[in-house]
Structures are given as structure tokens and as C-alpha cells.
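The file data.txt contains compact mmCIF, C-alpha atoms:
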```
# COMPACT_ATOMS: atom_id res chain seq x y z
CA MET D 1165 9.47 -24.03 -17.95
CA LEU D 1166 10.61 -23.16 -14.40
CA GLY D 1167 8.42 -20.03 -14.54
CA LEU D 1168 5.40 -22.32 -14.75
CA LEU D 1169 6.04 -23.50 -11.17
CA GLU D 1170 5.11 -20.15 -9.58
CA ASN D 1171 1.99 -20.37 -7.34
CA ILE D 1172 1.65 -24.06 -8.24
CA THR D 1173 0.11 -26.85 -6.16
CA PHE D 1174 -0.06 -30.54 -7.11
CA VAL D 1175 -3.23 -32.66 -6.90
CA SER D 1176 -1.34 -35.99 -7.11
CA PRO D 1177 2.17 -35.34 -5.73
CA PHE D 1178 2.74 -39.08 -5.07
CA PHE D 1179 3.64 -39.45 -8.76
CA PHE D 1180 6.96 -37.73 -7.95
CA VAL D 1181 8.04 -41.10 -6.51
CA LEU D 1182 8.61 -42.11 -10.14
CA LEU D 1183 11.58 -39.72 -10.22
CA LEU D 1184 13.40 -42.25 -8.04
CA LEU D 1185 13.60 -44.41 -11.18
CA LEU D 1186 16.01 -41.95 -12.82
CA PRO D 1187 19.18 -43.65 -11.45
CA LEU D 1188 17.81 -47.01 -12.65
CA ILE D 1189 17.09 -45.58 -16.11
CA ALA D 1190 20.58 -44.11 -16.30
CA TRP D 1191 22.11 -47.48 -15.33
CA TRP D 1192 19.99 -49.33 -17.90
CA TYR D 1193 20.86 -46.84 -20.65
CA ASN D 1194 24.58 -47.13 -19.91
CA ARG D 1195 24.41 -50.96 -19.85
CA SER D 1196 22.49 -51.23 -23.12
CA TYR D 1197 24.86 -48.76 -24.77
CA ARG D 1198 27.87 -50.87 -23.83
CA GLN D 1199 26.19 -54.01 -25.12
CA ARG D 1200 25.23 -52.40 -28.39
CA TYR D 1201 28.52 -50.67 -29.10
CA ALA D 1202 31.48 -52.97 -28.40
CA PRO D 1203 34.76 -51.26 -27.49
CA MET D 1204 37.51 -51.17 -30.07
CA ARG D 1205 41.06 -51.54 -28.83
CA MET D 1206 43.75 -49.45 -30.51
CA SER D 1207 47.43 -49.08 -29.75
CA THR D 1208 47.24 -45.30 -29.69
CA LEU D 1209 44.59 -42.52 -30.06
CA GLU D 1210 46.96 -39.73 -31.08
CA GLY D 1211 45.60 -39.54 -34.60
CA LEU D 1212 41.99 -39.35 -33.38
CA GLU D 1213 42.29 -36.38 -31.04
CA ASN D 1214 39.69 -33.61 -31.64
CA THR D 1215 38.05 -35.58 -34.42
CA GLN D 1216 34.61 -36.05 -32.86
CA SER D 1217 31.95 -35.29 -35.48
CA ILE D 1218 28.80 -33.19 -35.05
CA ARG D 1219 26.77 -36.42 -35.05
CA GLY D 1220 28.88 -37.66 -32.18
CA ARG D 1221 28.25 -34.52 -30.15
CA LEU D 1222 24.52 -34.62 -30.88
CA ARG D 1223 24.31 -38.28 -29.85
CA SER D 1224 25.31 -37.29 -26.31
CA LEU D 1225 22.13 -35.20 -26.15
CA LEU D 1226 19.83 -38.18 -26.66
CA PRO D 1227 19.83 -39.44 -23.05
CA ILE D 1228 19.38 -35.84 -21.79
CA LEU D 1229 16.32 -35.38 -23.99
CA ARG D 1230 14.86 -38.67 -22.74
CA ILE D 1231 15.43 -37.69 -19.09
CA LEU D 1232 13.83 -34.26 -19.62
CA SER D 1233 10.86 -35.94 -21.29
CA PHE D 1234 10.49 -38.36 -18.38
CA VAL D 1235 10.66 -35.58 -15.75
CA ALA D 1236 8.14 -33.37 -17.59
CA LEU D 1237 5.67 -36.26 -17.98
CA VAL D 1238 5.98 -37.14 -14.28
CA VAL D 1239 5.20 -33.52 -13.36
CA ALA D 1240 2.18 -33.65 -15.70
CA LEU D 1241 0.97 -36.85 -13.95
CA ALA D 1242 1.22 -35.02 -10.60
CA ARG D 1243 -1.43 -32.64 -12.03
CA PRO D 1244 -0.09 -29.15 -11.29
CA GLN D 1245 -2.63 -26.39 -10.69
CA ARG D 1246 -2.06 -22.65 -10.47
CA VAL D 1247 -3.71 -20.99 -7.49
CA LEU D 1248 -5.63 -17.84 -8.46
CA LYS D 1249 -6.62 -15.94 -5.31
CA GLU D 1250 -9.30 -13.28 -5.33
CA GLU D 1251 -10.46 -11.04 -2.49
CA GLU D 1252 -13.77 -9.29 -2.12
CA VAL D 1253 -13.54 -6.29 0.20
CA VAL D 1254 -16.65 -4.81 1.80
CA ALA D 1255 -15.71 -1.64 3.68
CA GLU D 1256 -17.94 0.50 5.86
CA GLY D 1257 -15.97 3.73 5.70
CA ILE D 1258 -16.05 6.77 7.96
CA ASP D 1259 -16.68 10.31 6.71
CA ILE D 1260 -14.02 12.63 8.11
CA SER D 1261 -13.71 16.38 7.74
CA LEU D 1262 -10.35 17.96 8.56
CA ALA D 1263 -10.79 21.55 9.79
CA MET D 1264 -7.40 23.27 9.78
CA ASP D 1265 -6.47 26.68 11.12
CA LEU D 1266 -4.69 28.96 8.62
CA SER D 1267 -4.32 32.03 10.82
CA SER D 1268 -0.92 33.74 10.73
CA SER D 1269 0.00 32.30 14.15
CA MET D 1270 0.30 28.88 12.45
CA LEU D 1271 3.67 30.18 11.16
CA ALA D 1272 5.03 30.13 14.72
CA GLN D 1273 8.41 28.42 14.89
CA ASP D 1274 7.98 26.29 18.01
CA PHE D 1275 7.51 23.49 15.42
CA GLN D 1276 10.11 23.12 12.69
CA PRO D 1277 9.88 24.78 10.26
CA ASN D 1278 6.53 26.00 11.61
CA ARG D 1279 3.20 24.71 12.95
CA LEU D 1280 1.46 24.76 9.57
CA GLU D 1281 4.04 22.68 7.68
CA VAL D 1282 4.17 20.06 10.41
CA SER D 1283 0.36 19.94 10.65
CA LYS D 1284 0.07 19.46 6.88
CA ARG D 1285 2.59 16.63 6.82
CA VAL D 1286 1.10 14.76 9.78
CA ALA D 1287 -2.43 15.17 8.38
CA ALA D 1288 -1.27 13.77 5.02
CA ASP D 1289 0.21 10.75 6.81
CA PHE D 1290 -3.12 10.25 8.59
CA VAL D 1291 -5.03 10.43 5.30
CA GLY D 1292 -2.72 7.77 3.87
CA GLN D 1293 -3.80 5.35 6.61
CA ARG D 1294 -7.54 5.77 5.88
CA GLN D 1295 -7.83 3.87 2.62
CA TYR D 1296 -11.59 3.31 2.64
CA ASP D 1297 -12.79 6.60 4.19
CA ARG D 1298 -14.19 9.70 2.54
CA ILE D 1299 -12.19 12.68 3.77
CA GLY D 1300 -12.71 16.38 3.17
CA LEU D 1301 -10.75 19.53 4.03
CA VAL D 1302 -12.04 22.76 5.54
CA VAL D 1303 -9.75 25.72 6.25
CA PHE D 1304 -10.42 28.72 8.43
CA ALA D 1305 -8.79 31.87 9.75
CA GLY D 1306 -10.95 35.02 10.03
CA GLU D 1307 -13.38 33.23 7.68
CA ALA D 1308 -13.87 29.63 6.56
CA PHE D 1309 -14.50 27.67 3.38
CA THR D 1310 -14.34 24.11 2.03
CA GLN D 1311 -11.00 23.49 0.36
CA CYS D 1312 -11.87 19.93 -0.70
CA PRO D 1313 -15.26 18.16 -0.42
CA LEU D 1314 -15.53 14.62 0.93
CA THR D 1315 -13.66 12.28 -1.38
CA THR D 1316 -11.98 8.89 -1.54
CA ASP D 1317 -9.43 10.30 -3.99
CA HIS D 1318 -6.78 10.90 -1.36
CA LEU D 1319 -4.17 11.94 -3.93
CA VAL D 1320 -6.27 14.99 -4.78
CA LEU D 1321 -6.84 15.70 -1.09
CA ASN D 1322 -3.10 15.57 -0.39
CA GLU D 1323 -2.48 18.01 -3.23
CA PHE D 1324 -4.84 20.49 -1.54
CA LEU D 1325 -3.09 19.90 1.78
CA ASN D 1326 0.34 20.55 0.28
CA LYS D 1327 -0.78 23.87 -1.22
CA LEU D 1328 -2.16 25.31 2.02
CA GLU D 1329 -0.51 28.52 3.21
CA CYS D 1330 -1.26 31.32 5.59
CA GLY D 1331 -2.49 34.61 4.16
CA ILE D 1332 -5.03 33.27 1.66
CA LEU D 1333 -7.82 34.14 4.13
CA GLU D 1334 -8.56 37.19 6.24
CA ASP D 1335 -6.47 36.83 9.37
CA GLY D 1336 -8.04 35.85 12.69
CA THR D 1337 -9.23 32.65 14.36
CA ALA D 1338 -12.91 31.89 13.69
CA ILE D 1339 -13.14 28.47 15.34
CA GLY D 1340 -16.94 28.54 15.27
CA MET D 1341 -17.06 29.18 11.53
CA GLY D 1342 -14.46 26.50 10.82
CA LEU D 1343 -16.42 23.92 12.83
CA ALA D 1344 -19.77 24.98 11.36
CA THR D 1345 -18.43 24.64 7.80
CA ALA D 1346 -17.06 21.16 8.54
CA VAL D 1347 -20.36 20.11 10.15
CA ASN D 1348 -22.30 21.42 7.16
CA ARG D 1349 -20.26 19.12 4.90
CA LEU D 1350 -21.06 16.08 7.03
CA LYS D 1351 -24.67 16.61 8.15
CA ASP D 1352 -26.26 15.09 5.03
CA SER D 1353 -23.89 12.12 4.91
CA ASP D 1354 -25.38 8.60 5.07
CA SER D 1355 -22.30 7.23 6.79
CA LYS D 1356 -22.90 5.62 10.18
CA SER D 1357 -19.82 7.37 11.58
CA LYS D 1358 -19.06 11.05 10.98
CA VAL D 1359 -16.01 12.79 12.42
CA VAL D 1360 -14.52 16.29 12.48
CA ILE D 1361 -10.86 16.76 13.40
CA LEU D 1362 -10.47 20.43 14.27
CA LEU D 1363 -6.91 21.74 14.58
CA THR D 1364 -6.17 25.23 15.85
CA ASP D 1365 -3.46 27.12 17.72
CA GLY D 1366 -5.38 30.06 19.10
CA VAL D 1367 -8.44 31.61 20.68
CA ASN D 1368 -11.75 32.22 18.92
CA ASN D 1369 -11.61 35.97 18.24
CA THR D 1370 -13.74 36.59 15.17
CA GLY D 1371 -16.56 35.20 13.04
CA TYR D 1372 -20.33 35.37 13.37
CA GLN D 1373 -20.76 31.72 14.36
CA SER D 1374 -20.49 30.69 18.03
CA PRO D 1375 -18.21 27.68 18.54
CA MET D 1376 -20.57 26.15 21.12
CA LEU D 1377 -23.58 26.59 18.81
CA ALA D 1378 -21.64 24.81 16.06
CA ALA D 1379 -20.84 22.04 18.56
CA LYS D 1380 -24.54 21.66 19.42
CA ILE D 1381 -25.40 21.33 15.73
CA ALA D 1382 -22.68 18.70 15.39
CA LYS D 1383 -24.19 16.78 18.30
CA GLU D 1384 -27.66 16.86 16.72
CA TYR D 1385 -26.28 15.26 13.57
CA ASN D 1386 -24.27 12.65 15.54
CA ILE D 1387 -20.99 14.16 14.40
CA LYS D 1388 -18.07 13.48 16.72
CA VAL D 1389 -15.50 16.28 17.03
CA TYR D 1390 -11.88 15.68 17.97
CA THR D 1391 -10.13 18.95 18.83
CA ILE D 1392 -6.37 19.51 18.71
CA GLY D 1393 -4.58 22.48 20.25
CA VAL D 1394 -1.23 23.03 18.51
CA GLY D 1395 1.52 24.99 20.23
CA SER D 1396 4.28 24.73 22.80
CA VAL D 1397 4.12 26.15 26.32
CA GLY D 1398 5.42 29.63 27.11
CA GLU D 1399 6.71 31.93 24.37
CA THR D 1400 7.80 31.38 20.78
CA ARG D 1401 8.69 33.31 17.65
CA ALA D 1402 5.54 34.02 15.63
CA PRO D 1403 4.18 36.72 13.26
CA VAL D 1404 3.45 40.02 14.97
CA SER D 1405 2.78 42.13 11.87
CA ARG D 1406 2.83 42.01 8.07
CA ARG D 1407 4.80 44.26 5.75
CA SER D 1408 3.46 45.89 2.61
CA ASP D 1409 5.15 43.22 0.46
CA GLY D 1410 3.13 40.50 2.24
CA LYS D 1411 6.00 39.09 4.31
CA TYR D 1412 5.44 38.49 8.03
CA VAL D 1413 7.51 40.12 10.74
CA LEU D 1414 8.33 37.68 13.54
CA GLY D 1415 8.58 38.51 17.20
CA LEU D 1416 8.43 36.78 20.56
CA VAL D 1417 4.80 36.11 21.54
CA ARG D 1418 3.04 34.14 24.24
CA VAL D 1419 1.36 30.87 23.23
CA GLU D 1420 -2.39 31.15 23.90
CA ILE D 1421 -4.83 28.32 23.16
CA ASP D 1422 -8.42 28.26 24.43
CA GLU D 1423 -8.16 24.73 25.82
CA ASP D 1424 -11.36 25.02 27.85
CA LEU D 1425 -13.38 25.79 24.71
CA LEU D 1426 -11.78 22.98 22.72
CA ARG D 1427 -12.34 20.53 25.57
CA GLN D 1428 -16.05 21.53 25.85
CA ILE D 1429 -16.59 21.08 22.11
CA ALA D 1430 -15.04 17.61 22.20
CA GLU D 1431 -16.93 16.47 25.31
CA MET D 1432 -20.28 17.74 24.00
CA THR D 1433 -19.96 15.75 20.78
CA GLY D 1434 -18.45 12.57 22.21
CA GLY D 1435 -14.97 13.30 20.95
CA LYS D 1436 -11.75 14.09 22.75
CA TYR D 1437 -9.41 17.05 23.20
CA TYR D 1438 -5.68 16.74 22.58
CA ARG D 1439 -2.76 19.10 23.11
CA ALA D 1440 0.22 18.89 20.75
CA VAL D 1441 3.32 20.62 22.09
CA ASP D 1442 5.71 19.27 19.45
CA GLU D 1443 5.77 17.29 16.21
CA GLN D 1444 6.05 13.92 17.95
CA SER D 1445 3.02 14.51 20.15
CA LEU D 1446 0.98 15.62 17.11
CA GLU D 1447 1.88 12.36 15.34
CA GLN D 1448 0.79 10.40 18.42
CA ILE D 1449 -2.52 12.29 18.51
CA TYR D 1450 -3.39 11.40 14.92
CA ALA D 1451 -2.32 7.80 15.58
CA SER D 1452 -4.65 7.72 18.60
CA ILE D 1453 -7.57 9.06 16.56
CA ASP D 1454 -6.78 6.52 13.86
CA GLN D 1455 -7.11 3.74 16.46
CA LEU D 1456 -10.31 5.15 17.95
CA GLU D 1457 -12.07 5.56 14.61
CA LYS D 1458 -11.63 2.17 12.97
CA THR D 1459 -13.19 1.46 9.59
CA LYS D 1460 -15.16 -1.79 9.44
CA ILE D 1461 -13.68 -3.97 6.71
CA GLU D 1462 -14.85 -7.44 5.69
CA VAL D 1463 -12.55 -9.43 3.43
CA THR D 1464 -13.74 -12.64 1.75
CA SER D 1465 -11.11 -14.71 -0.03
CA PHE D 1466 -11.85 -16.97 -2.97
CA LYS D 1467 -9.44 -19.44 -4.55
CA ARG D 1468 -9.67 -20.61 -8.14
CA TYR D 1469 -7.44 -23.16 -9.77
CA SER D 1470 -6.32 -23.44 -13.37
CA GLU D 1471 -4.99 -26.74 -14.71
CA GLU D 1472 -1.36 -26.46 -15.85
CA TYR D 1473 -0.51 -30.13 -16.55
CA HIS D 1474 -0.90 -29.67 -20.31
CA HIS D 1475 2.17 -27.40 -20.42
CA PHE D 1476 4.37 -30.11 -18.92
CA ALA D 1477 2.76 -32.84 -21.03
CA PHE D 1478 3.49 -30.77 -24.14
CA TRP D 1479 7.18 -30.38 -23.25
CA GLY D 1480 7.47 -34.04 -22.27
CA ILE D 1481 6.04 -35.24 -25.58
CA LEU D 1482 8.11 -32.67 -27.53
CA PHE D 1483 11.39 -33.79 -25.91
CA LEU D 1484 10.47 -37.42 -26.61
CA LEU D 1485 9.62 -36.74 -30.27
CA ILE D 1486 12.87 -34.83 -30.81
CA GLU D 1487 14.83 -37.68 -29.23
CA VAL D 1488 13.11 -40.34 -31.36
CA LEU D 1489 13.41 -38.24 -34.52
CA LEU D 1490 17.14 -37.69 -34.03
CA ARG D 1491 17.79 -41.31 -33.03
CA TYR D 1492 16.12 -42.84 -36.12
CA THR D 1493 17.07 -40.23 -38.73
CA VAL D 1494 20.14 -38.00 -38.40
CA LEU D 1495 21.76 -40.05 -35.62
CA ARG D 1496 20.67 -43.45 -36.79
CA ALA D 1497 23.34 -46.07 -36.18
CA ILE D 1498 24.00 -48.79 -38.75
CA PRO D 1499 23.89 -52.27 -37.13
```

With the file now loaded, output its structure as C-alpha cells.
Amino acid sequence: MLGLLENITFVSPFFFVLLLLLPLIAWWYNRSYRQRYAPMRMSTLEGLENTQSIRGRLRSLLPILRILSFVALVVALARPQRVLKEEEVVAEGIDISLAMDLSSSMLAQDFQPNRLEVSKRVAADFVGQRQYDRIGLVVFAGEAFTQCPLTTDHLVLNEFLNKLECGILEDGTAIGMGLATAVNRLKDSDSKSKVVILLTDGVNNTGYQSPMLAAKIAKEYNIKVYTIGVGSVGETRAPVSRRSDGKYVLGLVRVEIDEDLLRQIAEMTGGKYYRAVDEQSLEQIYASIDQLEKTKIEVTSFKRYSEEYHHFAFWGILFLLIEVLLRYTVLRAIP
């Protein structure tokens, strides 16, 4: 019966004042019992030890049943109601395309274990914060393609993110093609806000699409581009060649990122350029973008109430019936 009190409010709580009568009821019951059953004086009780019958034990339950009945009926009079809360969420989501560099330089070890693994993890965390947005994934190296179209099924998107690895595309850094592919996925969207987050660690060195032309197309379709340059300053261990078995040979190379190009792309489209020199700064960048691109959410709460007094009335009447039944049948006392 205690489980019934979860999420309960009372329409008439003043009826609980009746519970103050419990001490008076207990006093009256004790007084009437003494008047009805006169004490019998005996010289000794040694022969009566441990001789209480089952009827005697059950009789002690009668006042407990009456008290439980009284309490349950008082709760029923207070008219308990269960609060049933409903929420209606109206979300105006943002369409976001993640364009991620998969060139071999993303295996550089200035991030631990490398730039790609850190970028995947931080991007997955970002996706987890965007509950109502459609998000897609574009990958590029020497070429580009859509890994995952725009979707609200973020579990599927995260599976694609987790499986990303360098070497599945022709090597190189075709920033223009990566951006153009992401823009192509967003241009026909009806969303009021469309965003590309382009992450790269290099210089545009291949591809038939000009990065600035792709940026102009993005501007025409009101697509905002946030660009992120990933890489520390100076030199780091990164792939310098690839063996016949497919494994990369690492060597010390200079970190080169075309920051001017990335800054121009962002400024042209109304976005912003960021530089991530370590894992912490990359996390802060995604957190900053998350704050800048807020999804409009309207939440309307409704409350419904279900009457629960009948449960307590049932138990109150049941306890009373059991008490009366026992008192006038099995536990009936002969005058």
C-alpha cells in the first residue's frame, strides 16, 4: 500500500487531522476492554505459562486491524491523486555536416594516440549533445564521399565515426572536395540553420574543386562553415611513407596547416576558424560551436491526475470487514 503514495498529492489534506484521534481511540479501546473483561486474581501463574491459545493470539490483532482500517479510510477522505506529467517537445533542429580529414597525416602522434582517434572521440561527444539535430558525415583525403547522410539516428552515425581509418581513400588533402561534398548534402535542406564543421590538419594539395569556390557555393545556400585546424606547433612524428604491407612508416615532419585558407572559408560563410593544438583545445572548440549553434526547443508541460482514493477505501473496508468477521465468529466472546 506504501507504493501507492508515489507521485501522490491530496485534494483535501485537512482530513489528516482525524489521525489525531488515534490516541483517543486507543484509550477508549483499552478502557472498554478492561470493563468488559474483569481481572481474575490467582495465587500463582506457574501452571499457565506458555498456554496462550491461537484464539488469544488472534484477538490481539483486532485493534491493529481497526486502526489500519481507520488510517486507510482517512487517507481515502483526503482524496489522493496521482500526478501524471506529460511533455510536448517542439524542436527546431539544425542540419550539421561533419567533414573530416582522413589523409595519412591524421595519424600524427602529437595527439594521443593520434589526431584521428582524438578527433573521432571528440566528434562523437559533440554528436551526443545534439539530440534534436540531423547530422551527417563526409570524409575526404585525396577524394571525398558521404560516409553517412543527414540523420537523427545518432547511434548509427557514431558507428560510422568509430570505423573511420586512414588509408580507405586515396591519400592527399582535397579540402575543396570535402567542403563541396558537405555543402551538396545540405543545399536542399529545409532547415533554417545549416552548418558544416570542416576538420583538417593539412594544406589543400589535390582535388579538382577549389576550396574558395566551394565556400562561395556554401554562402549562396546560407550554409555556415566552421573550420578547425588540427595539429601542434613545430614538428611531430607522422607517416612519411607506406610499406607494401600497408603499414605506415613514421618520421619527424613539420606541422603545416593552411590557416589563411581555413580562416577565409569561415569568414566568407559567417562561421569561425579554430586551431586545436591538443586534445583539450579540440574539446573546447566543439563546446564553443555547440554554444554558438543552439537548437530552438519549446517544451510544454501538461499535468493529468488520476483518482487513487478507491485503493485506500478498499483496504480500509477490507480491514474493517476482517476485524468484524473475526470478532463475531472465530473470536466471539461468550458474555

When you count all atoms listed in the file, which of these residues is closest to Cys1330 (chain D): D:Leu1301, D:Met1264, D:Leu1188, D:Val1419?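 Nearest to Cys1330 (chain D): D:Met1264.
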
May I have the protein, DNA and RNA residues with an atom at most 12 Å from (-6.3, 20.4, 0.4), counting all atoms listed in the file in the file's coordinates, returned as a count of residues only? 35

To one decimal in Å, tell me the separation between CA of Leu1237 (chain D) and CA of Trp1479 (chain D).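 Rounded to one decimal, the two atoms are 8.0 Å apart.
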
Near Tyr1385 (chain D), counting all atoms listed in the file, which residues have an atom at most 9 Å away, once you skip same-chain residues fewer than 4 positions from it, shown as a ChimeraX atom specification? /D:1347,1350-1352,1358,1380-1381

Would you kindly return, as a list of chain:residue names, each protein, DNA or RNA residue with an atom no farther than 7 Å from any atom of Val1367 (chain D), considering all atoms listed in the file and excluding same-chain residues fewer than 4 positions away?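 What passes the distance filter is D:Thr1337, D:Glu1420, D:Ile1421, D:Asp1422.
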
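Taking CA of Ala1379 (chain D) and CA of Tyr1438 (chain D) as endpoints, the distance between them is 16.6 Å.
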
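We find CA of Leu1232 (chain D) and CA of Leu1184 (chain D) to be spaced 14.1 Å apart.
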
Go ahead and find all residues with at least one atom no further than 9 Å from (-9.7, 33.1, 1.5) in the file's coordinates, using only C-alpha atoms; report them as a list in words.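 Returned residue set, sorted by chain then number, is Val1303, Phe1304, Ala1305, Gly1306, Glu1307, Ala1308, Phe1309, Gly1331, Ile1332, Leu1333 and Glu1334 of chain D.
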
Which residue gives the smallest distance to Ser1357 (chain D) among D:Ile1486, D:Ile1387, D:Val1441, D:Ala1378, with only C-alpha atoms counted? D:Ile1387

Could you list, as a PDB file with C-alpha atoms, in the frame of the given file, every residue within 8 Å of Ala1477 (chain D), counting all atoms listed in the file and ignoring same-chain residues fewer than 3 positions away?
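New file part_9.pdb:
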```
ATOM      1  CA  ALA D1236       8.140 -33.370 -17.590  1.00  0.00           C
ATOM      2  CA  LEU D1237       5.670 -36.260 -17.980  1.00  0.00           C
ATOM      3  CA  ALA D1240       2.180 -33.650 -15.700  1.00  0.00           C
ATOM      4  CA  TYR D1473      -0.510 -30.130 -16.550  1.00  0.00           C
ATOM      5  CA  HIS D1474      -0.900 -29.670 -20.310  1.00  0.00           C
ATOM      6  CA  GLY D1480       7.470 -34.040 -22.270  1.00  0.00           C
ATOM      7  CA  ILE D1481       6.040 -35.240 -25.580  1.00  0.00           C
TER       8      ILE D1481
END
```

Of the listed residues D:Arg1195, D:Arg1223, D:Arg1298, D:Lys1356, that which approaches Val1494 (chain D) most closely, counting all atoms listed in the file: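 Comparing D:Arg1195, D:Arg1223, D:Arg1298, D:Lys1356 against Val1494 (chain D), the winner is D:Arg1223.
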
So, counting all atoms listed in the file, which residue among D:Ala1430, D:Met1376, D:Ala1346, D:Ala1272 is closest to Val1417 (chain D)?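 Among the listed residues, D:Ala1272 lies closest to Val1417 (chain D).
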